[in-house]
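Structure, as structure tokens:
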Amino acid sequence: MTDSANTVLITGNQGYIGAELTRYLRDRSYGVVGLDTMYYTECHGSSNAVGATKQIVKDIRDLAPNELDGVRAVVHLAGLSNDPLGDLSPALTQEINHVASVKLARFAKEREVERFIFASSCSVYGIAATDCALSETSPIRPVTEYAKSKALVERDVGAMADARFHPVFLRNATVYGPSSRLRLDLLVNNLLAWACASGKIMVMSDGTPWRPLLHISDFCQAVLAVLEAPLSKVSNQIFNVGRNEDNLRVSEVAEIVRRTVPGTTVEILSRVSSDERTYRVNFDKITGALPHFKPVHTVHGGIEQLYRDYLRLGLVKEDLDAPRFFRVRWMKHLMATGRLNKELRWTTECEPA
């Protein structure tokens, strides 16, 4: 394995972001210890996954302290990964996303892991009371179990910081882009998938909510910047991760998709969506503190890249109805087929190798 001074533990390394972050860091000579329960290994996208230097197949709830030995930093991505999935079982969301995350941080501190990078979310801002861009010091108003769990981890792990343990909280914008563990339940990915597979861009609201957007490789770049920054710049800091230019209304995203995919139309359903979040976010802090973080993907360019990826994948209407690219559908499928139990643990006969 790569020298421990350059070895990172990534939890959730087989997920949508984790698979690409593993590739990104390994391409830059980092050793990666992956920890994943392997929920999504059948949810293949169009690119080939790059494996971790060492893979631990384990539920985050069952992590042992000695599995953190020999790593310099933890990048914690694992958890129930969006609002619908978080609402599937609020109690399990808190158990996995909050309680297990705090336990992981405690183990990391005990094992003298220097940096603990937590993938939080701009969804903690919830339904903003203003159209002004929100900074890291703005009030948070999490409205879903997923967002509440993120806020609680920020609070509890932040309280653990000291001269030897340095947590960092990355409130990422809504991520989009290609991955070897593809998801179609994210805003840009979903609107573009509908356009490619059906010719219709379905906006399940009146299109007015604001969303900040972030290309998946730019999030990976942010993690690298935190790994390599002086501790004085990042220790116990919260950073919104994204670009000020990429705060867009849902209707604006739909229009970019329409212009990208020939022959498509936008259908604004003009009804109240179950997802009422709306917020604009300011990203000045991270670009000021971390000059090496230079996000390069515009939403327009990122959508064009993802469109080419979807064409290579051969995305069809049936993919929009199947469970494998939609996290809550996929988990329900695993439960309905007896592979996961009601605690979201593998049944004995279906445990991954």
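We label chains A, B, ... in the order they appear in the structure tokens, count residues from 1 in each chain, and number ligands from 1 in the order shown.
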Problem set entry | All strand (DSSP E) residues (DSSP, backbone) inside region 149-195 of chain A, as an MDAnalysis selection string | chainID A and resid 166:172 174:176
Dump as a PDB file, in the first residue's frame, selection limited to N, CA and C atoms:
```
ATOM      1  N   HIS A 166      -8.725  17.419  13.547  1.00  0.00           N
ATOM      2  CA  HIS A 166      -9.133  18.565  12.736  1.00  0.00           C
ATOM      3  C   HIS A 166     -10.270  18.183  11.780  1.00  0.00           C
ATOM      4  N   PRO A 167     -11.514  18.282  12.244  1.00  0.00           N
ATOM      5  CA  PRO A 167     -12.630  18.040  11.332  1.00  0.00           C
ATOM      6  C   PRO A 167     -12.834  19.211  10.369  1.00  0.00           C
ATOM      7  N   VAL A 168     -13.332  18.886   9.175  1.00  0.00           N
ATOM      8  CA  VAL A 168     -13.665  19.887   8.160  1.00  0.00           C
ATOM      9  C   VAL A 168     -15.011  19.492   7.575  1.00  0.00           C
ATOM     10  N   PHE A 169     -15.894  20.451   7.386  1.00  0.00           N
ATOM     11  CA  PHE A 169     -17.263  20.164   6.954  1.00  0.00           C
ATOM     12  C   PHE A 169     -17.508  20.816   5.595  1.00  0.00           C
ATOM     13  N   LEU A 170     -17.734  19.987   4.597  1.00  0.00           N
ATOM     14  CA  LEU A 170     -17.951  20.460   3.230  1.00  0.00           C
ATOM     15  C   LEU A 170     -19.436  20.414   2.910  1.00  0.00           C
ATOM     16  N   ARG A 171     -20.064  21.578   2.922  1.00  0.00           N
ATOM     17  CA  ARG A 171     -21.478  21.666   2.541  1.00  0.00           C
ATOM     18  C   ARG A 171     -21.543  21.767   1.022  1.00  0.00           C
ATOM     19  N   ASN A 172     -21.588  20.620   0.381  1.00  0.00           N
ATOM     20  CA  ASN A 172     -21.564  20.633  -1.074  1.00  0.00           C
ATOM     21  C   ASN A 172     -22.922  21.020  -1.650  1.00  0.00           C
ATOM     22  N   THR A 174     -25.724  20.726  -4.824  1.00  0.00           N
ATOM     23  CA  THR A 174     -26.292  19.520  -5.417  1.00  0.00           C
ATOM     24  C   THR A 174     -25.369  19.018  -6.519  1.00  0.00           C
ATOM     25  N   VAL A 175     -24.850  17.821  -6.325  1.00  0.00           N
ATOM     26  CA  VAL A 175     -23.836  17.276  -7.224  1.00  0.00           C
ATOM     27  C   VAL A 175     -24.504  16.706  -8.471  1.00  0.00           C
ATOM     28  N   TYR A 176     -23.778  16.776  -9.582  1.00  0.00           N
ATOM     29  CA  TYR A 176     -24.241  16.161 -10.827  1.00  0.00           C
ATOM     30  C   TYR A 176     -23.020  15.689 -11.606  1.00  0.00           C
TER      31      TYR A 176
END
```
Write down as a VMD selection string the residues of region 38-266 of chain A whose backbone DSSP state falls under helix (DSSP H, G or I).
chain A and resid 60 to 62 65 to 68 83 to 88 90 to 110 122 to 125 145 to 158 187 to 198 216 to 228 231 to 234 244 to 246 250 to 260
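Note that CA of Pro323 (chain A) and CA of Thr265 (chain A) are 24.8 Å apart.
The coordinates place CA of Phe239 (chain A) at 5.7 Å from CA of Ile286 (chain A).
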Can I get the residues of region 111-211 of chain A within 8 Å of region 65-73 of chain A, each with the closest pair of atoms and their distance in Å to one decimal, using only C-alpha atoms, sorted chain first then ascending number, as CSV?
```
residue,atom,partner,partner_atom,distance
A:Arg111,CA,A:Asp69,CA,6.5
A:Val113,CA,A:Arg72,CA,5.4
A:Glu114,CA,A:Ala73,CA,5.9
A:Arg115,CA,A:Ala73,CA,4.7
A:Phe116,CA,A:Ala73,CA,5.8
A:Ile117,CA,A:Ala73,CA,7.6
```
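Each of A:Thr260, A:Ser138, A:Ser180, A:Gln221 was compared to Ala193 (chain A) using only C-alpha atoms, and A:Thr260 turns out to be the nearest.
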Mind checking which residues fall within 9 Å of Arg26 (chain A), counting only C-alpha atoms, ignoring those fewer than 4 positions away in the same chain, and posting them as an NGL selection string?
:A and (21-22 or 30-32 or 50-53)
Those same residues - N, CA and C atoms - I'd like them written as a tab-separated table (two decimals), in the first residue's frame.
```tsv
chain	number	residue	atom	x	y	z
A	21	LEU	N	-14.40	9.77	-6.38
A	21	LEU	CA	-13.34	10.30	-5.52
A	21	LEU	C	-12.21	9.29	-5.37
A	22	THR	N	-12.54	8.01	-5.31
A	22	THR	CA	-11.50	6.98	-5.26
A	22	THR	C	-10.60	7.06	-6.48
A	30	TYR	N	-2.57	8.89	-4.17
A	30	TYR	CA	-3.03	8.60	-2.81
A	30	TYR	C	-3.37	7.12	-2.69
A	31	GLY	N	-3.08	6.57	-1.54
A	31	GLY	CA	-3.61	5.26	-1.21
A	31	GLY	C	-5.01	5.42	-0.65
A	32	VAL	N	-5.91	4.56	-1.05
A	32	VAL	CA	-7.30	4.66	-0.61
A	32	VAL	C	-7.72	3.36	0.06
A	50	VAL	N	-12.69	2.40	-10.47
A	50	VAL	CA	-11.32	2.18	-10.01
A	50	VAL	C	-11.40	1.75	-8.56
A	51	GLY	N	-10.85	0.59	-8.26
A	51	GLY	CA	-10.97	0.06	-6.92
A	51	GLY	C	-10.06	0.75	-5.93
A	52	ALA	N	-10.40	0.62	-4.66
A	52	ALA	CA	-9.55	1.13	-3.58
A	52	ALA	C	-8.28	0.30	-3.50
A	53	THR	N	-7.26	0.87	-2.90
A	53	THR	CA	-6.05	0.11	-2.64
A	53	THR	C	-6.36	-1.06	-1.73
```
### Task
Find the residues near region 95-103 of chain A: any atom within 6 Å, counting only C-alpha atoms, skip ones fewer than 3 places away on the same chain, and give them as a ChimeraX atom specification.
/A:61,79,92,106,149,153
Residue subset to file, keeping C-alpha atoms, as a PDB file, in the first residue's frame:
```
ATOM      1  CA  ARG A  61     -22.430   0.965  11.927  1.00  0.00           C
ATOM      2  CA  GLY A  79     -24.887   7.278   4.659  1.00  0.00           C
ATOM      3  CA  LEU A  92     -32.383   4.522  10.645  1.00  0.00           C
ATOM      4  CA  ARG A 106     -14.496   9.435  17.783  1.00  0.00           C
ATOM      5  CA  SER A 149     -28.619  14.386  10.287  1.00  0.00           C
ATOM      6  CA  VAL A 153     -22.919  15.684  12.670  1.00  0.00           C
TER       7      VAL A 153
END
```
Contacts of Asp185 (chain A) at 9 Å or less, counting only C-alpha atoms, minus same-chain residues fewer than 6 places along, as a list in words?
Asn82, Phe325, Phe326, Arg327 and Val328 of chain A
What would the file look like if the residues just selected were written as a CSV table (one decimal), in the first residue's frame with C-alpha atoms?
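Listed below is the output, result_12.csv:
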```
chain,number,residue,atom,x,y,z
A,82,ASN,CA,-30.8,11.8,-0.2
A,325,PHE,CA,-30.4,4.3,-10.8
A,326,PHE,CA,-32.7,5.7,-8.1
A,327,ARG,CA,-31.5,5.3,-4.5
A,328,VAL,CA,-34.8,4.9,-2.6
```
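Compared by their closest atoms to Val74 (chain A), and using only C-alpha atoms, the residues A:Val57, A:Met331, A:Leu9, A:Val316 rank with A:Leu9 nearest.
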As a check of understanding: the span from CA of Ile303 (chain A) to CA of Ala78 (chain A) is 25.8 Å
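Nearest residue to Cys132 (chain A), choosing from A:Val223, A:Ala163, A:Val281, A:Ala289 and counting only C-alpha atoms: A:Val281.
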| message | Please list as a PyMOL selection string every residue within 12 Å of Ser121 (chain A), counting only C-alpha atoms and excluding residues in the same chain fewer than 4 positions away. | response | chain A and resi 77+81-83+125-126+136+140+142+144+146-154+169-175+211-214+219+238-242+281
Take the residues that were just selected and, keeping C-alpha atoms, output them as an mmCIF file, in the first residue's frame.
```cif
data_model
loop_
_atom_site.group_PDB
_atom_site.id
_atom_site.type_symbol
_atom_site.label_atom_id
_atom_site.label_comp_id
_atom_site.auth_asym_id
_atom_site.auth_seq_id
_atom_site.Cartn_x
_atom_site.Cartn_y
_atom_site.Cartn_z
ATOM 1 C CA LEU A 77 -19.316 10.011 2.509
ATOM 2 C CA SER A 81 -27.830 9.583 0.579
ATOM 3 C CA ASN A 82 -30.793 11.847 -0.160
ATOM 4 C CA ASP A 83 -34.079 13.167 1.192
ATOM 5 C CA TYR A 125 -30.189 25.640 4.557
ATOM 6 C CA GLY A 126 -33.635 24.175 3.817
ATOM 7 C CA GLU A 136 -21.556 29.522 6.257
ATOM 8 C CA ILE A 140 -29.673 26.720 8.857
ATOM 9 C CA PRO A 142 -32.982 21.646 7.724
ATOM 10 C CA THR A 144 -35.711 16.656 6.056
ATOM 11 C CA TYR A 146 -31.280 13.711 5.769
ATOM 12 C CA ALA A 147 -30.494 17.405 6.239
ATOM 13 C CA LYS A 148 -31.101 17.251 9.987
ATOM 14 C CA SER A 149 -28.619 14.386 10.287
ATOM 15 C CA LYS A 150 -25.986 16.436 8.449
ATOM 16 C CA ALA A 151 -26.481 19.388 10.778
ATOM 17 C CA LEU A 152 -26.205 17.186 13.862
ATOM 18 C CA VAL A 153 -22.919 15.684 12.670
ATOM 19 C CA GLU A 154 -21.505 19.166 12.076
ATOM 20 C CA PHE A 169 -17.263 20.164 6.954
ATOM 21 C CA LEU A 170 -17.951 20.460 3.230
ATOM 22 C CA ARG A 171 -21.478 21.666 2.541
ATOM 23 C CA ASN A 172 -21.564 20.633 -1.074
ATOM 24 C CA ALA A 173 -24.063 21.990 -3.558
ATOM 25 C CA THR A 174 -26.292 19.520 -5.417
ATOM 26 C CA VAL A 175 -23.836 17.276 -7.224
ATOM 27 C CA ARG A 211 -30.472 25.179 -6.324
ATOM 28 C CA PRO A 212 -26.689 25.575 -6.218
ATOM 29 C CA LEU A 213 -25.030 22.965 -8.428
ATOM 30 C CA LEU A 214 -21.619 21.273 -8.327
ATOM 31 C CA PHE A 219 -16.267 18.203 -5.415
ATOM 32 C CA ILE A 238 -17.376 24.777 7.397
ATOM 33 C CA PHE A 239 -17.090 25.429 3.671
ATOM 34 C CA ASN A 240 -19.879 25.780 1.149
ATOM 35 C CA VAL A 241 -18.591 23.960 -1.938
ATOM 36 C CA GLY A 242 -19.561 25.219 -5.367
ATOM 37 C CA VAL A 281 -25.464 29.899 -1.569
#
```
The residue from A:Met204, A:Leu311, A:Leu227, A:Val250 with the smallest atom-to-atom distance to Glu267 (chain A), counting only C-alpha atoms, is A:Met204
If you count only C-alpha atoms, which residues fall within 10 Å of Cys220 (chain A), apart from same-chain ones fewer than 2 positions away, as a PyMOL selection string? chain A and resi 17-18+20-25+215-218+222-225+293+295
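With distances restricted to only C-alpha atoms, A:Asn189 is the closest residue to Ile201 (chain A) from A:Thr137, A:Asn244, A:Gln14, A:Asn189.
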